[in-house]
$ cat entry-v3.cif   # mmCIF, C-alpha atoms
data_final
#
loop_
_atom_site.label_atom_id
_atom_site.label_comp_id
_atom_site.auth_asym_id
_atom_site.auth_seq_id
_atom_site.Cartn_x
_atom_site.Cartn_y
_atom_site.Cartn_z
CA GLN K 274 0.00 0.00 0.00
CA ILE K 275 2.86 2.39 0.84
CA ALA K 276 4.53 1.60 -2.49
CA HIS K 277 1.26 2.30 -4.29
CA LEU K 278 0.73 5.63 -2.51
CA ALA K 279 4.28 6.70 -3.36
CA ARG K 280 3.68 6.16 -7.07
CA HIS K 281 0.10 7.36 -7.54
CA ASP K 282 -1.82 10.62 -7.28
CA ARG K 283 -4.09 10.69 -4.25
CA LEU K 284 -7.03 12.48 -5.92
CA THR K 285 -7.28 10.64 -9.24
CA GLY K 286 -5.41 7.39 -8.61
CA LEU K 287 -3.33 8.04 -11.72
CA ALA K 288 0.44 7.63 -11.84
CA ASN K 289 2.53 10.46 -10.44
CA ARG K 290 5.91 11.80 -11.59
CA PHE K 291 7.78 9.20 -9.52
CA LEU K 292 6.08 6.35 -11.40
CA LEU K 293 6.50 8.21 -14.71
CA ASP K 294 10.25 8.36 -14.15
CA GLU K 295 10.28 4.60 -13.53
CA ARG K 296 8.25 3.91 -16.68
CA LEU K 297 10.51 6.17 -18.76
CA ALA K 298 13.59 4.39 -17.40
CA GLU K 299 12.09 1.13 -18.74
CA ALA K 300 10.60 2.42 -21.99
CA LEU K 301 13.52 4.38 -23.47
CA PRO K 302 16.16 1.59 -23.41
CA ALA K 303 13.56 -0.87 -24.77
CA ALA K 304 12.69 1.53 -27.60
CA ARG K 305 16.36 2.01 -28.45
CA ALA K 306 16.93 -1.76 -28.51
CA ASP K 307 13.84 -2.49 -30.63
CA GLY K 308 14.23 0.46 -33.01
CA ILE K 309 10.85 1.97 -32.09
CA ARG K 310 9.84 5.30 -30.58
CA VAL K 311 8.35 6.66 -27.37
CA ALA K 312 6.02 9.67 -27.44
CA LEU K 313 5.39 11.98 -24.51
CA VAL K 314 2.37 14.27 -24.45
CA PHE K 315 1.96 17.16 -22.02
CA ILE K 316 -1.74 18.09 -21.58
CA ASP K 317 -2.64 21.43 -19.97
CA LEU K 318 -6.31 22.31 -19.39
CA ASP K 319 -6.94 25.68 -21.03
CA ARG K 320 -9.55 27.17 -18.72
CA PHE K 321 -9.08 25.17 -15.54
CA LYS K 322 -7.70 28.06 -13.45
CA ASP K 323 -10.65 30.30 -14.31
CA ILE K 324 -13.09 27.53 -13.36
CA ASN K 325 -11.20 26.72 -10.17
CA ASP K 326 -11.03 30.39 -9.10
CA SER K 327 -14.64 31.21 -9.92
CA LEU K 328 -16.45 28.01 -8.90
CA GLY K 329 -14.21 26.76 -6.10
CA HIS K 330 -11.58 24.10 -5.49
CA ARG K 331 -14.09 21.39 -4.64
CA LEU K 332 -15.68 21.63 -8.06
CA GLY K 333 -12.18 21.94 -9.56
CA ASP K 334 -11.24 18.60 -7.99
CA HIS K 335 -14.40 16.99 -9.36
CA LEU K 336 -13.54 18.35 -12.81
CA LEU K 337 -10.01 16.91 -12.59
CA LEU K 338 -11.50 13.52 -11.71
CA ALA K 339 -13.81 13.71 -14.73
CA VAL K 340 -10.95 14.73 -17.04
CA ALA K 341 -8.72 11.95 -15.66
CA GLY K 342 -11.43 9.36 -16.25
CA ARG K 343 -12.06 10.47 -19.82
CA LEU K 344 -8.35 10.60 -20.74
CA ALA K 345 -7.60 7.26 -19.06
CA GLY K 346 -10.45 5.71 -21.04
CA GLY K 347 -8.72 6.74 -24.25
CA LEU K 348 -5.39 5.07 -23.47
CA HIS K 349 -4.15 1.90 -25.14
CA GLU K 350 -2.62 -1.05 -23.31
CA GLY K 351 0.85 -0.29 -22.00
CA GLU K 352 0.34 3.50 -22.02
CA THR K 353 0.56 5.58 -18.83
CA LEU K 354 -1.40 8.68 -17.77
CA VAL K 355 0.15 10.94 -15.12
CA ARG K 356 -1.42 13.76 -13.16
CA GLN K 357 0.78 16.71 -12.25
CA GLY K 358 -1.25 19.53 -10.66
CA ASP K 359 -3.73 20.69 -13.29
CA GLU K 360 -1.65 19.08 -16.04
CA PHE K 361 -1.62 15.54 -17.34
CA ILE K 362 1.20 13.65 -19.06
CA ALA K 363 0.64 10.71 -21.38
CA LEU K 364 3.51 8.25 -21.95
CA LEU K 365 2.96 6.38 -25.21
CA PRO K 366 5.62 3.68 -25.77
CA GLY K 367 5.91 1.55 -28.88
CA ILE K 368 4.97 4.33 -31.31
CA ALA K 369 5.80 3.64 -34.96
CA GLY K 370 6.60 7.24 -35.92
CA ARG K 371 5.59 10.90 -35.95
CA GLU K 372 2.34 10.40 -37.82
CA ALA K 373 1.15 7.75 -35.37
CA ALA K 374 2.17 9.92 -32.38
CA ALA K 375 0.34 12.94 -33.79
CA GLU K 376 -2.79 10.85 -34.34
CA ARG K 377 -2.72 9.55 -30.76
CA ALA K 378 -2.26 13.10 -29.38
CA LYS K 379 -5.17 14.37 -31.51
CA ASN K 380 -7.34 11.53 -30.16
CA LEU K 381 -6.57 12.65 -26.60
CA LEU K 382 -7.40 16.26 -27.47
CA ASP K 383 -10.71 15.22 -29.05
CA LEU K 384 -11.72 13.46 -25.82
CA LEU K 385 -11.90 16.85 -24.10
CA GLU K 386 -14.05 18.58 -26.74
CA THR K 387 -17.35 17.45 -25.24
CA PRO K 388 -18.38 19.59 -22.21
CA PHE K 389 -18.17 18.05 -18.74
CA LEU K 390 -21.22 17.94 -16.49
CA VAL K 391 -19.83 18.55 -12.99
CA ASP K 392 -22.07 19.25 -10.00
CA GLY K 393 -24.79 20.52 -12.32
CA ASN K 394 -22.43 22.77 -14.32
CA HIS K 395 -21.70 22.27 -18.02
CA LEU K 396 -18.00 23.08 -18.27
CA HIS K 397 -15.95 23.55 -21.44
CA VAL K 398 -12.25 23.19 -20.74
CA GLY K 399 -10.31 22.19 -23.84
CA ALA K 400 -6.58 21.65 -23.68
CA SER K 401 -3.17 22.57 -25.07
CA LEU K 402 -0.98 19.58 -25.94
CA GLY K 403 2.78 19.45 -26.40
CA LEU K 404 4.33 16.46 -28.12
CA SER K 405 7.91 15.16 -28.19
CA LEU K 406 9.34 11.92 -29.59
CA PHE K 407 12.25 9.74 -28.45
CA PRO K 408 14.84 9.39 -29.91
CA ASP K 409 13.97 11.84 -32.73
CA ASP K 410 13.60 14.95 -30.52
CA ALA K 411 15.42 13.95 -27.34
CA ALA K 412 18.32 11.78 -26.26
CA ASP K 413 17.12 11.06 -22.72
CA ALA K 414 14.11 11.23 -20.40
CA GLU K 415 14.90 14.68 -18.99
CA GLN K 416 15.15 16.23 -22.43
CA LEU K 417 12.00 14.44 -23.58
CA LEU K 418 10.05 15.87 -20.64
CA ARG K 419 11.45 19.35 -21.15
CA ASN K 420 10.70 19.33 -24.87
CA ALA K 421 7.10 18.19 -24.43
CA ASP K 422 6.56 20.87 -21.77
CA THR K 423 8.01 23.55 -24.07
CA ALA K 424 5.78 22.41 -26.93
CA MET K 425 2.73 22.56 -24.65
CA TYR K 426 3.45 26.23 -23.82
CA ALA K 427 3.75 26.90 -27.55
CA ALA K 428 0.27 25.40 -27.99
CA LYS K 429 -1.07 27.71 -25.26
CA ARG K 430 0.54 30.75 -26.90
CA ASP K 431 -1.18 29.79 -30.15
CA GLY K 432 -4.56 30.08 -28.46
CA GLY K 433 -5.00 26.61 -26.99
CA GLY K 434 -7.14 23.76 -28.21
CA THR K 435 -4.33 22.41 -30.36
CA VAL K 436 -1.31 20.07 -30.48
CA ARG K 437 2.21 21.35 -31.08
CA TRP K 438 5.37 19.36 -31.81
CA HIS K 439 8.61 20.35 -30.17
CA THR K 440 10.98 22.11 -32.57
CA PRO K 441 14.59 23.31 -32.04
CA GLU K 442 13.43 26.93 -32.44
CA MET K 443 11.27 26.58 -29.34
CA LYS K 444 14.36 26.48 -27.13
CA GLU K 445 15.33 29.94 -28.32
CA ARG K 446 11.83 31.23 -27.58
CA VAL K 447 11.93 29.73 -24.08
CA LEU K 448 15.28 31.40 -23.39
CA HIS K 449 13.93 34.69 -24.75
CA ARG K 450 10.83 34.38 -22.56
CA ALA K 451 12.95 33.71 -19.45
CA SER K 452 15.14 36.70 -20.25
CA MET K 453 12.12 38.93 -20.84
CA GLU K 454 10.52 37.79 -17.56
CA ALA K 455 13.70 38.69 -15.64
CA ARG K 456 13.81 42.10 -17.33
CA LEU K 457 10.13 42.69 -16.54
CA ARG K 458 10.69 41.96 -12.85
CA ARG K 459 13.57 44.41 -12.83
CA ALA K 460 11.45 46.98 -14.66
CA ILE K 461 8.77 46.74 -11.97
CA GLU K 462 11.33 47.19 -9.20
CA GLN K 463 13.06 50.11 -10.95
CA GLU K 464 9.82 51.72 -12.21
CA GLN K 465 10.92 51.76 -15.85
CA PHE K 466 7.32 52.00 -17.11
CA LEU K 467 5.55 55.17 -18.17
CA LEU K 468 2.22 56.09 -19.68
CA HIS K 469 1.49 57.85 -22.94
CA TYR K 470 -1.97 59.32 -23.42
CA GLN K 471 -3.76 58.95 -26.74
CA PRO K 472 -6.35 61.75 -27.10
CA GLN K 473 -9.96 60.95 -27.96
CA PHE K 474 -12.18 63.41 -29.85
CA GLU K 475 -15.87 63.70 -30.61
CA THR K 476 -16.09 63.28 -34.36
CA ALA K 477 -19.12 65.58 -34.70
CA THR K 478 -17.59 68.59 -32.92
CA GLY K 479 -13.85 67.94 -32.77
CA ARG K 480 -14.01 68.44 -29.01
CA LEU K 481 -11.40 66.64 -26.90
CA PHE K 482 -13.31 64.51 -24.39
CA GLY K 483 -10.79 62.01 -23.05
CA ALA K 484 -7.66 59.96 -23.50
CA GLU K 485 -6.57 56.34 -23.35
CA ALA K 486 -3.62 55.41 -21.12
CA LEU K 487 -1.07 53.39 -23.11
CA LEU K 488 1.69 51.50 -21.33
CA ARG K 489 5.26 52.09 -22.52
CA TRP K 490 8.54 50.60 -21.30
CA ARG K 491 11.95 52.20 -21.58
CA ASP K 492 14.96 50.21 -20.38
CA GLY K 493 17.91 52.59 -20.58
CA ASP K 494 18.05 53.78 -24.19
CA GLU K 495 15.86 50.93 -25.46
CA TRP K 496 12.12 51.19 -25.99
CA ILE K 497 10.55 47.71 -25.76
CA PRO K 498 7.37 47.43 -27.88
CA PRO K 499 4.22 46.29 -26.03
CA ASP K 500 3.75 43.31 -28.37
CA ARG K 501 7.07 41.95 -27.07
CA PHE K 502 6.48 42.26 -23.35
CA ILE K 503 2.70 42.20 -22.79
CA PRO K 504 2.28 38.49 -23.79
CA VAL K 505 5.10 37.50 -21.40
CA ALA K 506 3.56 39.60 -18.64
CA GLU K 507 0.22 37.87 -19.22
CA GLU K 508 1.75 34.38 -19.16
CA THR K 509 3.74 34.96 -15.99
CA GLY K 510 1.07 36.87 -14.06
CA LEU K 511 3.28 39.98 -13.89
CA ILE K 512 0.52 41.81 -15.74
CA VAL K 513 -1.36 42.08 -12.41
CA PRO K 514 1.19 44.30 -10.58
CA ILE K 515 1.91 46.14 -13.85
CA GLY K 516 -1.83 46.66 -14.39
CA ASP K 517 -2.19 48.00 -10.84
CA TRP K 518 0.61 50.48 -11.56
CA VAL K 519 -1.10 51.58 -14.78
CA LEU K 520 -4.46 52.00 -13.04
CA ASP K 521 -3.02 54.03 -10.17
CA HIS K 522 -0.95 56.36 -12.39
CA ALA K 523 -3.74 56.85 -14.94
CA VAL K 524 -6.27 57.73 -12.23
CA ALA K 525 -3.73 60.08 -10.62
CA CYS K 526 -3.28 61.81 -13.99
CA ALA K 527 -7.06 62.15 -14.36
CA GLY K 528 -7.08 63.81 -10.95
CA ARG K 529 -4.46 66.33 -12.05
CA TRP K 530 -6.38 67.10 -15.24
CA ARG K 531 -9.50 67.68 -13.18
CA THR K 532 -7.85 70.54 -11.30
CA THR K 533 -5.89 72.09 -14.18
CA LEU K 534 -8.18 71.84 -17.25
CA PRO K 535 -11.39 73.80 -17.86
CA TYR K 536 -13.45 70.60 -17.96
CA PRO K 537 -12.76 67.02 -16.79
CA LEU K 538 -11.48 64.50 -19.33
CA ARG K 539 -12.43 60.86 -19.35
CA MET K 540 -9.53 58.44 -18.73
CA ALA K 541 -9.69 55.05 -20.46
CA VAL K 542 -7.65 52.21 -18.91
CA ASN K 543 -7.24 48.72 -20.35
CA LEU K 544 -7.89 45.76 -18.04
CA SER K 545 -6.11 42.49 -18.68
CA PRO K 546 -7.97 39.18 -18.21
CA ARG K 547 -5.57 38.32 -15.37
CA GLN K 548 -6.57 41.51 -13.52
CA PHE K 549 -10.24 40.81 -14.13
CA TRP K 550 -10.09 37.27 -12.75
CA SER K 551 -7.83 38.13 -9.79
CA GLY K 552 -10.77 38.52 -7.42
CA ASP K 553 -10.29 41.98 -5.86
CA LEU K 554 -10.54 44.21 -8.94
CA LEU K 555 -13.47 46.25 -7.59
CA ALA K 556 -11.66 47.09 -4.37
CA ARG K 557 -8.49 48.11 -6.23
CA VAL K 558 -10.34 50.37 -8.67
CA LEU K 559 -12.36 52.06 -5.93
CA ALA K 560 -9.22 52.54 -3.81
CA ALA K 561 -7.44 54.29 -6.69
CA ILE K 562 -10.40 56.60 -7.28
CA ASP K 563 -10.64 57.51 -3.58
CA ARG K 564 -6.87 57.96 -3.27
CA HIS K 565 -6.69 60.52 -6.06
CA GLY K 566 -10.04 62.24 -5.56
CA VAL K 567 -11.41 61.42 -9.00
CA ASP K 568 -15.07 61.23 -9.93
CA ALA K 569 -15.96 57.68 -10.97
CA GLY K 570 -17.59 59.01 -14.14
CA GLN K 571 -14.17 60.12 -15.38
CA ILE K 572 -12.91 56.52 -15.55
CA GLU K 573 -13.57 54.18 -18.45
CA LEU K 574 -12.41 50.56 -18.14
CA GLU K 575 -11.76 48.71 -21.39
CA ILE K 576 -12.46 44.97 -21.33
CA THR K 577 -12.23 42.43 -24.13
CA GLU K 578 -15.20 40.67 -25.66
CA SER K 579 -14.00 37.31 -24.33
CA MET K 580 -13.86 38.71 -20.78
CA LEU K 581 -17.43 39.97 -21.11
CA LEU K 582 -18.70 36.64 -22.42
CA GLN K 583 -17.13 34.82 -19.46
CA ALA K 584 -18.29 37.38 -16.88
CA GLU K 585 -20.82 35.27 -15.01
CA GLY K 586 -21.55 34.97 -11.30
CA GLU K 587 -19.32 37.11 -9.09
CA HIS K 588 -17.39 38.49 -12.08
CA GLY K 589 -20.59 39.73 -13.67
CA ALA K 590 -21.46 41.30 -10.32
CA VAL K 591 -18.12 43.16 -10.37
CA LEU K 592 -18.95 44.71 -13.75
CA ARG K 593 -22.40 45.72 -12.54
CA ALA K 594 -20.91 47.22 -9.36
CA LEU K 595 -18.45 49.29 -11.40
CA ARG K 596 -21.29 50.58 -13.58
CA GLU K 597 -23.48 51.35 -10.56
CA ARG K 598 -20.69 53.56 -9.19
CA GLY K 599 -20.73 55.60 -12.38
CA MET K 600 -17.77 54.15 -14.26
CA ARG K 601 -17.99 53.45 -17.96
CA LEU K 602 -17.18 50.12 -19.57
CA ALA K 603 -15.86 49.92 -23.11
CA LEU K 604 -15.64 46.79 -25.24
CA ASP K 605 -12.27 46.16 -26.89
CA ASP K 606 -10.99 43.51 -29.33
CA PHE K 607 -14.50 42.49 -30.34
CA GLY K 608 -15.67 40.48 -33.35
#

$ encode --input "entry-v3.cif" --output "structure tokens"
Amino acid sequence: QIAHLARHDRLTGLANRFLLDERLAEALPAARADGIRVALVFIDLDRFKDINDSLGHRLGDHLLLAVAGRLAGGLHEGETLVRQGDEFIALLPGIAGREAAAERAKNLLDLLETPFLVDGNHLHVGASLGLSLFPDDAADAEQLLRNADTAMYAAKRDGGGTVRWHTPEMKERVLHRASMEARLRRAIEQEQFLLHYQPQFETATGRLFGAEALLRWRDGDEWIPPDRFIPVAEETGLIVPIGDWVLDHAVACAGRWRTTLPYPLRMAVNLSPRQFWSGDLLARVLAAIDRHGVDAGQIELEITESMLLQAEGEHGAVLRALRERGMRLALDDFG
């Protein structure tokens, strides 16, 4: 019983990383001797964190059990399914080649297309899958694991709901992402960010009525474009402290305009999905308004269409509470 507990996940009963390492230690030498291949598939649930945060950990555990059961039901004899947090890993030994491995990975992805009925909730999760093949892509177990993990993150960056093979170019992107994350952390500490304000005019009259706060980053003499650092900030969660900085400085600027201009200007601030789902958005927005003495009607929060469509329950209540306090909501990136 102790040996079983040491090698299996307590919640799902699936193999854990300890047992996966043992199975890899058996499968790779056998594949090398027999001239066959071993595929490793990393499976990350695309919307699990949102579901877990909004509906609770108990329901999240029930969803993981349902996902584990469906994936395990799609395995062939001799294959192993591993649970690692909210990720799953499928070890597929005895694979004939890349085409067969890709077909097996696509079969696993298709298993998650149908919504899950969990505690009365119909939940769509979907997944991002990363695929690596031994010995084609990796010379040992550690490299095989690392490559499949890297490919999975590439699938997530491509929007999820897809399978991506590991490629040599992915290593460069991973190194770039790690470097950019380190620079972002330093930028937060050293306050290297600043805001530019894009004016907004009424087309009928030409009257200036507001501005949108746009985040800019200057590291020494280098200006880093937003399309280079915003995706990394979103992936790492650094967008939350950066977004708080933007909100506070934009509201402070609106307060200064209120006292120096003949009429108040509206300030538009973009909200990232990470900020929206963080749980205390309403309190942070209201605190910024109170801190800088700004009328709530001066603030316009821009949210994406996808955020609006997912804004149910307490998140929908947050949007309604912001509107009830006089703030405007604008829809961005729609269609």

$ closest_residue --input "entry-v3.cif" --among "K:Arg377, K:Arg458, K:Arg489, K:Arg290" --to "Glu360 of chain K" --atoms "only C-alpha atoms"
K:Arg290

$ resolve_selection --input "entry-v3.cif" --expression "the PyMOL selection byres ((chain K and resi 281) around 12)" --output "list in words"
Gln274, Ile275, Ala276, His277, Leu278, Ala279, Arg280, Asp282, Arg283, Leu284, Thr285, Gly286, Leu287, Ala288, Asn289, Arg290, Phe291, Leu292, Leu293, Thr353, Leu354, Val355, Arg356 and Gln357 of chain K

$ write_last_selection --input "entry-v3.cif" --atoms "C-alpha atoms" --output "PDB file, keeping the file's coordinate frame"
ATOM      1  CA  GLN K 274       0.000   0.000   0.000  1.00  0.00           C
ATOM      2  CA  ILE K 275       2.860   2.390   0.840  1.00  0.00           C
ATOM      3  CA  ALA K 276       4.530   1.600  -2.490  1.00  0.00           C
ATOM      4  CA  HIS K 277       1.260   2.300  -4.290  1.00  0.00           C
ATOM      5  CA  LEU K 278       0.730   5.630  -2.510  1.00  0.00           C
ATOM      6  CA  ALA K 279       4.280   6.700  -3.360  1.00  0.00           C
ATOM      7  CA  ARG K 280       3.680   6.160  -7.070  1.00  0.00           C
ATOM      8  CA  ASP K 282      -1.820  10.620  -7.280  1.00  0.00           C
ATOM      9  CA  ARG K 283      -4.090  10.690  -4.250  1.00  0.00           C
ATOM     10  CA  LEU K 284      -7.030  12.480  -5.920  1.00  0.00           C
ATOM     11  CA  THR K 285      -7.280  10.640  -9.240  1.00  0.00           C
ATOM     12  CA  GLY K 286      -5.410   7.390  -8.610  1.00  0.00           C
ATOM     13  CA  LEU K 287      -3.330   8.040 -11.720  1.00  0.00           C
ATOM     14  CA  ALA K 288       0.440   7.630 -11.840  1.00  0.00           C
ATOM     15  CA  ASN K 289       2.530  10.460 -10.440  1.00  0.00           C
ATOM     16  CA  ARG K 290       5.910  11.800 -11.590  1.00  0.00           C
ATOM     17  CA  PHE K 291       7.780   9.200  -9.520  1.00  0.00           C
ATOM     18  CA  LEU K 292       6.080   6.350 -11.400  1.00  0.00           C
ATOM     19  CA  LEU K 293       6.500   8.210 -14.710  1.00  0.00           C
ATOM     20  CA  THR K 353       0.560   5.580 -18.830  1.00  0.00           C
ATOM     21  CA  LEU K 354      -1.400   8.680 -17.770  1.00  0.00           C
ATOM     22  CA  VAL K 355       0.150  10.940 -15.120  1.00  0.00           C
ATOM     23  CA  ARG K 356      -1.420  13.760 -13.160  1.00  0.00           C
ATOM     24  CA  GLN K 357       0.780  16.710 -12.250  1.00  0.00           C
TER      25      GLN K 357
END

$ resolve_selection --input "entry-v3.cif" --expression "the PyMOL selection byres ((chain K and resi 483-485) around 8)" --output "PyMOL selection string"
chain K and resi 470-474+481-482+486-487+538-542

$ closest_residue --input "entry-v3.cif" --among "K:Ile368, K:Cys526, K:Leu348, K:Leu301" --to "Leu467 of chain K" --atoms "only C-alpha atoms"
K:Cys526

$ resolve_selection --input "entry-v3.cif" --expression "the PyMOL selection byres ((chain K and resi 546) around 9)" --output "list of chain:residue names"
K:Glu507, K:Leu544, K:Ser545, K:Arg547, K:Gln548, K:Phe549, K:Trp550, K:Ser551, K:Ile576, K:Thr577, K:Ser579, K:Met580

$ residues_around --input "entry-v3.cif" --residues "Arg557 of chain K" --least-positions-apart "3" --cutoff "12 Å" --atoms "all atoms listed in the file" --output "PDB file with C-alpha atoms, keeping the file's coordinate frame"
ATOM      1  CA  VAL K 513      -1.360  42.080 -12.410  1.00  0.00           C
ATOM      2  CA  PRO K 514       1.190  44.300 -10.580  1.00  0.00           C
ATOM      3  CA  GLY K 516      -1.830  46.660 -14.390  1.00  0.00           C
ATOM      4  CA  ASP K 517      -2.190  48.000 -10.840  1.00  0.00           C
ATOM      5  CA  TRP K 518       0.610  50.480 -11.560  1.00  0.00           C
ATOM      6  CA  VAL K 519      -1.100  51.580 -14.780  1.00  0.00           C
ATOM      7  CA  LEU K 520      -4.460  52.000 -13.040  1.00  0.00           C
ATOM      8  CA  ASP K 521      -3.020  54.030 -10.170  1.00  0.00           C
ATOM      9  CA  VAL K 524      -6.270  57.730 -12.230  1.00  0.00           C
ATOM     10  CA  GLN K 548      -6.570  41.510 -13.520  1.00  0.00           C
ATOM     11  CA  PHE K 549     -10.240  40.810 -14.130  1.00  0.00           C
ATOM     12  CA  SER K 551      -7.830  38.130  -9.790  1.00  0.00           C
ATOM     13  CA  GLY K 552     -10.770  38.520  -7.420  1.00  0.00           C
ATOM     14  CA  ASP K 553     -10.290  41.980  -5.860  1.00  0.00           C
ATOM     15  CA  LEU K 554     -10.540  44.210  -8.940  1.00  0.00           C
ATOM     16  CA  ALA K 560      -9.220  52.540  -3.810  1.00  0.00           C
ATOM     17  CA  ALA K 561      -7.440  54.290  -6.690  1.00  0.00           C
ATOM     18  CA  ILE K 562     -10.400  56.600  -7.280  1.00  0.00           C
ATOM     19  CA  ASP K 563     -10.640  57.510  -3.580  1.00  0.00           C
ATOM     20  CA  ARG K 564      -6.870  57.960  -3.270  1.00  0.00           C
ATOM     21  CA  VAL K 591     -18.120  43.160 -10.370  1.00  0.00           C
ATOM     22  CA  LEU K 595     -18.450  49.290 -11.400  1.00  0.00           C
TER      23      LEU K 595
END

$ closest_residue --input "entry-v3.cif" --among "K:Val505, K:Val398, K:Leu338, K:Val311" --to "Ser452 of chain K" --atoms "all atoms listed in the file"
K:Val505

$ atom_distance --input "entry-v3.cif" --atom1 "atom CA of Leu404 of chain K" --atom2 "atom CA of Arg456 of chain K"
29.4 Å

$ closest_residue --input "entry-v3.cif" --among "K:Leu313, K:Ile512, K:Leu418, K:Ile324" --to "Asn394 of chain K" --atoms "only C-alpha atoms"
K:Ile324

$ atom_distance --input "entry-v3.cif" --atom1 "atom CA of Ala460 of chain K" --atom2 "atom CA of Trp490 of chain K"
8.1 Å

$ residues_around --input "entry-v3.cif" --residues "segment 426-435 of chain K" --least-positions-apart "5" --cutoff "10 Å" --atoms "all atoms listed in the file" --output "list in words"
Phe315, Ile316, Asp317, Leu318, Asp319, Arg320, Ala378, Lys379, Leu382, Asp383, Leu385, Glu386, Val398, Gly399, Ala400, Ser401, Leu402, Gly403, Leu404, Ala421, Met443, Arg446, Val447, Pro504, Val505 and Glu508 of chain K

$ residues_around --input "entry-v3.cif" --residues "Asp392 of chain K" --least-positions-apart "2" --cutoff "9 Å" --atoms "only C-alpha atoms" --output "list in words"
Leu332, His335, Leu390, Asn394 and His395 of chain K

$ axis_aligned_box --input "entry-v3.cif" --around "segment 306-321 of chain K" --padding-each-side "5 Å" --output "AutoDock Vina command-line options"
--center_x 3.7 --center_y 12.3 --center_z -24.3 --size_x 36.5 --size_y 39.7 --size_z 27.5

$ atom_distance --input "entry-v3.cif" --atom1 "atom CA of His469 of chain K" --atom2 "atom CA of Ala455 of chain K"
23.9 Å

$ residues_around --input "entry-v3.cif" --residues "Gly346 of chain K" --least-positions-apart "3" --cutoff "12 Å" --atoms "all atoms listed in the file" --output "PDB file with C-alpha atoms, keeping the file's coordinate frame"
ATOM      1  CA  LEU K 287      -3.330   8.040 -11.720  1.00  0.00           C
ATOM      2  CA  ALA K 339     -13.810  13.710 -14.730  1.00  0.00           C
ATOM      3  CA  VAL K 340     -10.950  14.730 -17.040  1.00  0.00           C
ATOM      4  CA  ALA K 341      -8.720  11.950 -15.660  1.00  0.00           C
ATOM      5  CA  GLY K 342     -11.430   9.360 -16.250  1.00  0.00           C
ATOM      6  CA  ARG K 343     -12.060  10.470 -19.820  1.00  0.00           C
ATOM      7  CA  HIS K 349      -4.150   1.900 -25.140  1.00  0.00           C
ATOM      8  CA  GLU K 350      -2.620  -1.050 -23.310  1.00  0.00           C
ATOM      9  CA  GLU K 352       0.340   3.500 -22.020  1.00  0.00           C
ATOM     10  CA  THR K 353       0.560   5.580 -18.830  1.00  0.00           C
ATOM     11  CA  LEU K 354      -1.400   8.680 -17.770  1.00  0.00           C
ATOM     12  CA  ASN K 380      -7.340  11.530 -30.160  1.00  0.00           C
ATOM     13  CA  LEU K 381      -6.570  12.650 -26.600  1.00  0.00           C
ATOM     14  CA  LEU K 384     -11.720  13.460 -25.820  1.00  0.00           C
ATOM     15  CA  LEU K 385     -11.900  16.850 -24.100  1.00  0.00           C
TER      16      LEU K 385
END

$ closest_residue --input "entry-v3.cif" --among "K:Leu488, K:Met600, K:Leu534, K:Leu457" --to "Ala506 of chain K" --atoms "all atoms listed in the file"
K:Leu457

$ closest_residue --input "entry-v3.cif" --among "K:Leu336, K:Ala477, K:Ala411, K:Leu406" --to "Arg437 of chain K" --atoms "only C-alpha atoms"
K:Leu406

$ decode --input "entry-v3.cif" --residues "segment 527-548 of chain K" --atoms "C-alpha atoms" --output "PDB file, in the first residue's frame"
ATOM      1  CA  ALA K 527      -7.061  62.146 -14.362  1.00  0.00           C
ATOM      2  CA  GLY K 528      -7.084  63.805 -10.951  1.00  0.00           C
ATOM      3  CA  ARG K 529      -4.461  66.333 -12.047  1.00  0.00           C
ATOM      4  CA  TRP K 530      -6.378  67.097 -15.241  1.00  0.00           C
ATOM      5  CA  ARG K 531      -9.502  67.683 -13.180  1.00  0.00           C
ATOM      6  CA  THR K 532      -7.845  70.543 -11.299  1.00  0.00           C
ATOM      7  CA  THR K 533      -5.889  72.094 -14.184  1.00  0.00           C
ATOM      8  CA  LEU K 534      -8.181  71.839 -17.247  1.00  0.00           C
ATOM      9  CA  PRO K 535     -11.391  73.799 -17.860  1.00  0.00           C
ATOM     10  CA  TYR K 536     -13.454  70.602 -17.961  1.00  0.00           C
ATOM     11  CA  PRO K 537     -12.756  67.019 -16.792  1.00  0.00           C
ATOM     12  CA  LEU K 538     -11.480  64.505 -19.330  1.00  0.00           C
ATOM     13  CA  ARG K 539     -12.429  60.857 -19.351  1.00  0.00           C
ATOM     14  CA  MET K 540      -9.535  58.438 -18.733  1.00  0.00           C
ATOM     15  CA  ALA K 541      -9.685  55.046 -20.456  1.00  0.00           C
ATOM     16  CA  VAL K 542      -7.651  52.209 -18.913  1.00  0.00           C
ATOM     17  CA  ASN K 543      -7.242  48.717 -20.352  1.00  0.00           C
ATOM     18  CA  LEU K 544      -7.892  45.761 -18.043  1.00  0.00           C
ATOM     19  CA  SER K 545      -6.109  42.487 -18.682  1.00  0.00           C
ATOM     20  CA  PRO K 546      -7.966  39.179 -18.215  1.00  0.00           C
ATOM     21  CA  ARG K 547      -5.570  38.322 -15.370  1.00  0.00           C
ATOM     22  CA  GLN K 548      -6.574  41.507 -13.518  1.00  0.00           C
TER      23      GLN K 548
END
